[in-house]
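Novice: Dropping the structure in here first, questions after.
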Amino acid sequence: MDLTDEQLLRYSRQILLPQFDLAGQERLLQATVVIIGLGGLGSPAALYLAASGVGRLILIDPDTVDLSNLQRQIVHSQASIDHSKVSSAQQRLQQINPKIQIETYQQAFTEETLYAQIQSADLVLDCTDNLATRLAINAACVRANKPLVSAAAIRFEGQLGVFHASVTTPCYQCFYGKLTELPQTCSTNGVLGPVLGVLGSMQAIEAIKLLTQLGEVLIGRVLLFDALSMEWTAIRVPKRADCPVCA
């Protein structure tokens with residue numbers, strides 16, 4: 001595809017990167033990314049992917065904006081309160097980049113509805129806030145054979161991983177094993193807003209790397225972030241032979 005003069009100017013700073021160049025921008029413009037959850041993680045991830053020129057974004061979130069969200073969910077504003085998160089996010093993202101395509105889905109999702117949306121995408125960002133939902137998203141991604149960029153955060157800590165199950169690489173279920181529910185959540189334990197900003201931005205970076213075939217992505221690894229000590233720890237995730245999803 002040939003970029004217009006406006007596109008060349010808009011994306012000039014990343015086109016200048018020799019590893020990225022015009023070919024990388026063209027891949028982004030032709031890509032489709034599903035973002036599930038437009039909260040603390042989905043906000044920065046969606047903002048950066050829209051600004052970078054991902055051609056089609058599919059936004060999924062059944063919730064509405066609440067006053068308590070605004071401390072960390074930076075895609076929304078005071079005027080967004082009581083409006084759906086997907087419509088609030090769509091409005092903001094179109095202000096940033098009116099030339100990209102944005103689809104929104106507010107209804108509660110099941111594995112089947114997720115699978116239907118994921119099939120048409122190049123990759124999926126899991127920006128949700130509970131383990132049961134993340135495991136369901138993982139199952140849909142494995143079934144559709146799509147890469148999953150997943151993050152989570154609580155208090156001053158966070159984690160980031162990329163999963164694309166194969167014969168040798170794990171899925172997200174391999175990371176948690178038989179665990180299906182976590183007792184701690186942000187709503188009961190709190191979270192520092194910028195921690196979510198860091199992790200959501202990292203999700204956008206990994207997504208761009210996957211779409212443009214740049215660098216080494218985190219497939220098979222998880223990064224753990226401690227904001228109080230400002231330290232990152234990388235761990236390798238083995239593929240489980242008894243995984244009920246990808247074995």
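Order determines the names: the first chain of the structure tokens is A, the second B, and so forth; residues in each chain are numbered 1 upward, and ligands are numbered 1 upward as they are shown.
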Check region 4-226 of chain A with DSSP on the backbone and list each residue it calls strand (DSSP E), as a count of residues only.
Specialist: 39
Novice: Go through region 124-186 of chain A residue by residue and, counting only C-alpha atoms, keep those with an atom at most 12 Å from region 220-232 of chain A; for each kept residue give the shortest atom pair and its distance in Å to one decimal, ordered by chain and increasing number, as JSON lines.
Specialist:
```
{"residue": "A:Pro147", "atom": "CA", "partner": "A:Gly220", "partner_atom": "CA", "distance": 11.4}
{"residue": "A:Leu148", "atom": "CA", "partner": "A:Gly220", "partner_atom": "CA", "distance": 11.3}
{"residue": "A:Val149", "atom": "CA", "partner": "A:Val222", "partner_atom": "CA", "distance": 10.5}
{"residue": "A:Ser150", "atom": "CA", "partner": "A:Val222", "partner_atom": "CA", "distance": 9.4}
{"residue": "A:Ala151", "atom": "CA", "partner": "A:Val222", "partner_atom": "CA", "distance": 9.3}
{"residue": "A:Ala152", "atom": "CA", "partner": "A:Leu224", "partner_atom": "CA", "distance": 9.7}
{"residue": "A:Ala153", "atom": "CA", "partner": "A:Phe225", "partner_atom": "CA", "distance": 8.9}
{"residue": "A:Ile154", "atom": "CA", "partner": "A:Asp226", "partner_atom": "CA", "distance": 10.2}
{"residue": "A:Arg155", "atom": "CA", "partner": "A:Ala227", "partner_atom": "CA", "distance": 9.2}
{"residue": "A:Phe156", "atom": "CA", "partner": "A:Ala227", "partner_atom": "CA", "distance": 5.3}
{"residue": "A:Glu157", "atom": "CA", "partner": "A:Asp226", "partner_atom": "CA", "distance": 4.8}
{"residue": "A:Gly158", "atom": "CA", "partner": "A:Phe225", "partner_atom": "CA", "distance": 5.0}
{"residue": "A:Gln159", "atom": "CA", "partner": "A:Leu224", "partner_atom": "CA", "distance": 4.5}
{"residue": "A:Leu160", "atom": "CA", "partner": "A:Leu223", "partner_atom": "CA", "distance": 5.1}
{"residue": "A:Gly161", "atom": "CA", "partner": "A:Val222", "partner_atom": "CA", "distance": 4.4}
{"residue": "A:Val162", "atom": "CA", "partner": "A:Gly220", "partner_atom": "CA", "distance": 6.8}
{"residue": "A:Phe163", "atom": "CA", "partner": "A:Gly220", "partner_atom": "CA", "distance": 6.4}
{"residue": "A:His164", "atom": "CA", "partner": "A:Gly220", "partner_atom": "CA", "distance": 8.1}
{"residue": "A:Ala165", "atom": "CA", "partner": "A:Gly220", "partner_atom": "CA", "distance": 8.8}
{"residue": "A:Ser166", "atom": "CA", "partner": "A:Gly220", "partner_atom": "CA", "distance": 10.3}
{"residue": "A:Val167", "atom": "CA", "partner": "A:Gly220", "partner_atom": "CA", "distance": 11.9}
{"residue": "A:Thr168", "atom": "CA", "partner": "A:Gly220", "partner_atom": "CA", "distance": 9.1}
{"residue": "A:Thr169", "atom": "CA", "partner": "A:Gly220", "partner_atom": "CA", "distance": 5.8}
{"residue": "A:Pro170", "atom": "CA", "partner": "A:Gly220", "partner_atom": "CA", "distance": 6.0}
{"residue": "A:Cys171", "atom": "CA", "partner": "A:Gly220", "partner_atom": "CA", "distance": 8.1}
{"residue": "A:Tyr172", "atom": "CA", "partner": "A:Gly220", "partner_atom": "CA", "distance": 9.3}
{"residue": "A:Gln173", "atom": "CA", "partner": "A:Gly220", "partner_atom": "CA", "distance": 11.9}
{"residue": "A:Cys174", "atom": "CA", "partner": "A:Gly220", "partner_atom": "CA", "distance": 9.9}
{"residue": "A:Phe175", "atom": "CA", "partner": "A:Val222", "partner_atom": "CA", "distance": 8.8}
{"residue": "A:Tyr176", "atom": "CA", "partner": "A:Val222", "partner_atom": "CA", "distance": 11.7}
```
Novice: Which distance in Å separates CA of Arg240 (chain A) and CA of Leu135 (chain A), to one decimal?
Specialist: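 These two atoms are separated by 15.0 Å.
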Novice: Please report, as a VMD selection string, each residue of region 53-232 of chain A to which DSSP assigns helix (DSSP H, G or I) when run on this structure's backbone.
Specialist: chain A and resid 67 to 71 78 to 80 85 to 96 111 to 118 131 to 144 172 to 176 186 to 189 193 to 212
Novice: Point out the residue among A:Gly39, A:Leu192, A:Arg56, A:Leu123 with the least atom-to-atom distance to Ala140 (chain A), counting only C-alpha atoms.
Specialist: A:Leu123
Novice: I need the residue nearest Leu131 (chain A) from this list: A:Ser12, A:Lys178, A:Ser88, A:Ser68. Use only C-alpha atoms for the distance.
Specialist: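 Closest candidate: A:Lys178.
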Novice: Find, counting only C-alpha atoms, the residue in A:Asn97, A:Gln90, A:Gln213, A:Gln106 that gets nearest to Thr64 (chain A).
Specialist: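 With only C-alpha atoms as the atom set, the closest residue is A:Gln106.
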Novice: In terms of the shortest atom-to-atom distance over only C-alpha atoms, which of A:Gly190, A:Leu8, A:Ile36, A:Val54 is closest to Arg134 (chain A)?
Specialist: A:Ile36
Novice: Name the residues in contact with Gln7 (chain A) at a cut-off of 10 Å, using only C-alpha atoms, excluding same-chain residues fewer than 2 positions from it; report them as an mmCIF file with all heavy atoms, in the first residue's frame.
Specialist:
```
data_model
loop_
_atom_site.group_PDB
_atom_site.id
_atom_site.type_symbol
_atom_site.label_atom_id
_atom_site.label_comp_id
_atom_site.auth_asym_id
_atom_site.auth_seq_id
_atom_site.Cartn_x
_atom_site.Cartn_y
_atom_site.Cartn_z
ATOM 1 N N ASP A 2 0.379 2.320 -0.634
ATOM 2 C CA ASP A 2 1.103 3.583 -0.668
ATOM 3 C C ASP A 2 0.556 4.510 0.408
ATOM 4 O O ASP A 2 -0.658 4.754 0.474
ATOM 5 C CB ASP A 2 0.961 4.238 -2.041
ATOM 6 C CG ASP A 2 1.650 3.439 -3.135
ATOM 7 O OD1 ASP A 2 2.695 2.831 -2.837
ATOM 8 O OD2 ASP A 2 1.127 3.415 -4.270
ATOM 9 N N LEU A 3 1.439 5.026 1.244
ATOM 10 C CA LEU A 3 1.019 5.953 2.296
ATOM 11 C C LEU A 3 0.784 7.336 1.718
ATOM 12 O O LEU A 3 1.510 7.780 0.809
ATOM 13 C CB LEU A 3 2.071 6.024 3.398
ATOM 14 C CG LEU A 3 1.963 4.987 4.532
ATOM 15 C CD1 LEU A 3 2.176 3.584 4.003
ATOM 16 C CD2 LEU A 3 2.946 5.293 5.633
ATOM 17 N N THR A 4 -0.233 8.026 2.214
ATOM 18 C CA THR A 4 -0.508 9.391 1.795
ATOM 19 C C THR A 4 0.510 10.334 2.435
ATOM 20 O O THR A 4 1.222 9.970 3.384
ATOM 21 C CB THR A 4 -1.922 9.821 2.213
ATOM 22 O OG1 THR A 4 -1.989 9.849 3.649
ATOM 23 C CG2 THR A 4 -2.963 8.843 1.678
ATOM 24 N N ASP A 5 0.563 11.558 1.954
ATOM 25 C CA ASP A 5 1.453 12.559 2.545
ATOM 26 C C ASP A 5 1.102 12.792 4.012
ATOM 27 O O ASP A 5 1.987 12.970 4.860
ATOM 28 C CB ASP A 5 1.356 13.873 1.768
ATOM 29 C CG ASP A 5 1.988 13.782 0.386
ATOM 30 O OD1 ASP A 5 2.761 12.826 0.151
ATOM 31 O OD2 ASP A 5 1.699 14.659 -0.458
ATOM 32 N N LEU A 9 3.605 12.079 7.282
ATOM 33 C CA LEU A 9 3.925 13.082 8.295
ATOM 34 C C LEU A 9 3.497 12.605 9.682
ATOM 35 O O LEU A 9 4.261 12.714 10.650
ATOM 36 C CB LEU A 9 3.233 14.395 7.950
ATOM 37 C CG LEU A 9 3.487 15.562 8.924
ATOM 38 C CD1 LEU A 9 4.977 15.874 9.019
ATOM 39 C CD2 LEU A 9 2.699 16.792 8.482
ATOM 40 N N ARG A 10 2.290 12.061 9.794
ATOM 41 C CA ARG A 10 1.766 11.625 11.090
ATOM 42 C C ARG A 10 2.682 10.582 11.727
ATOM 43 O O ARG A 10 2.969 10.620 12.925
ATOM 44 C CB ARG A 10 0.355 11.053 10.938
ATOM 45 C CG ARG A 10 -0.220 10.481 12.233
ATOM 46 C CD ARG A 10 -1.583 9.851 12.011
ATOM 47 N NE ARG A 10 -2.616 10.818 11.754
ATOM 48 C CZ ARG A 10 -3.338 11.416 12.708
ATOM 49 N NH1 ARG A 10 -3.119 11.127 13.987
ATOM 50 N NH2 ARG A 10 -4.284 12.288 12.404
ATOM 51 N N TYR A 11 3.146 9.624 10.941
ATOM 52 C CA TYR A 11 3.923 8.504 11.486
ATOM 53 C C TYR A 11 5.426 8.644 11.232
ATOM 54 O O TYR A 11 6.167 7.681 11.350
ATOM 55 C CB TYR A 11 3.414 7.191 10.878
ATOM 56 C CG TYR A 11 1.928 6.992 11.044
ATOM 57 C CD1 TYR A 11 1.099 6.872 9.934
ATOM 58 C CD2 TYR A 11 1.339 6.937 12.308
ATOM 59 C CE1 TYR A 11 -0.277 6.694 10.070
ATOM 60 C CE2 TYR A 11 -0.029 6.765 12.463
ATOM 61 C CZ TYR A 11 -0.835 6.647 11.337
ATOM 62 O OH TYR A 11 -2.180 6.473 11.489
ATOM 63 N N SER A 12 5.861 9.853 10.921
ATOM 64 C CA SER A 12 7.245 10.055 10.472
ATOM 65 C C SER A 12 8.277 9.641 11.515
ATOM 66 O O SER A 12 9.333 9.108 11.161
ATOM 67 C CB SER A 12 7.463 11.521 10.081
ATOM 68 O OG SER A 12 7.209 12.392 11.183
ATOM 69 N N GLN A 25 5.227 0.471 9.119
ATOM 70 C CA GLN A 25 4.010 1.277 9.194
ATOM 71 C C GLN A 25 2.890 0.665 8.362
ATOM 72 O O GLN A 25 1.723 0.672 8.770
ATOM 73 C CB GLN A 25 4.287 2.704 8.729
ATOM 74 C CG GLN A 25 3.148 3.657 9.005
ATOM 75 C CD GLN A 25 2.831 3.732 10.495
ATOM 76 O OE1 GLN A 25 3.688 4.037 11.303
ATOM 77 N NE2 GLN A 25 1.589 3.434 10.859
ATOM 78 N N LEU A 29 -0.894 -0.426 9.661
ATOM 79 C CA LEU A 29 -2.110 0.102 9.058
ATOM 80 C C LEU A 29 -3.031 -1.009 8.555
ATOM 81 O O LEU A 29 -4.249 -0.833 8.473
ATOM 82 C CB LEU A 29 -1.754 1.058 7.916
ATOM 83 C CG LEU A 29 -1.129 2.395 8.343
ATOM 84 C CD1 LEU A 29 -0.536 3.120 7.148
ATOM 85 C CD2 LEU A 29 -2.165 3.277 9.033
ATOM 86 N N GLY A 53 -1.038 3.961 14.676
ATOM 87 C CA GLY A 53 -1.596 3.698 13.357
ATOM 88 C C GLY A 53 -2.049 2.280 13.105
ATOM 89 O O GLY A 53 -2.112 1.853 11.946
ATOM 90 N N LYS A 99 -8.498 8.511 11.327
ATOM 91 C CA LYS A 99 -8.442 7.713 10.103
ATOM 92 C C LYS A 99 -8.445 6.210 10.347
ATOM 93 O O LYS A 99 -8.519 5.433 9.398
ATOM 94 C CB LYS A 99 -7.187 8.101 9.290
ATOM 95 C CG LYS A 99 -7.180 9.551 8.820
ATOM 96 C CD LYS A 99 -8.363 9.834 7.902
ATOM 97 C CE LYS A 99 -8.417 11.288 7.452
ATOM 98 N NZ LYS A 99 -7.314 11.640 6.557
#
```
Novice: Closest to Pro44 (chain A) among A:Leu28, A:Met202, A:Leu57, A:Val191, using only C-alpha atoms?
Specialist: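 Looking at the shortest contact to Pro44 (chain A), the residue is A:Met202.
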Novice: Nearest to Val86 (chain A) among A:Ala132, A:Ile35, A:Leu41, A:Leu114, with distances taken over only C-alpha atoms: which residue is it?
Specialist: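 Going through A:Ala132, A:Ile35, A:Leu41, A:Leu114 one by one, the smallest distance to Val86 (chain A) is for A:Ile35.
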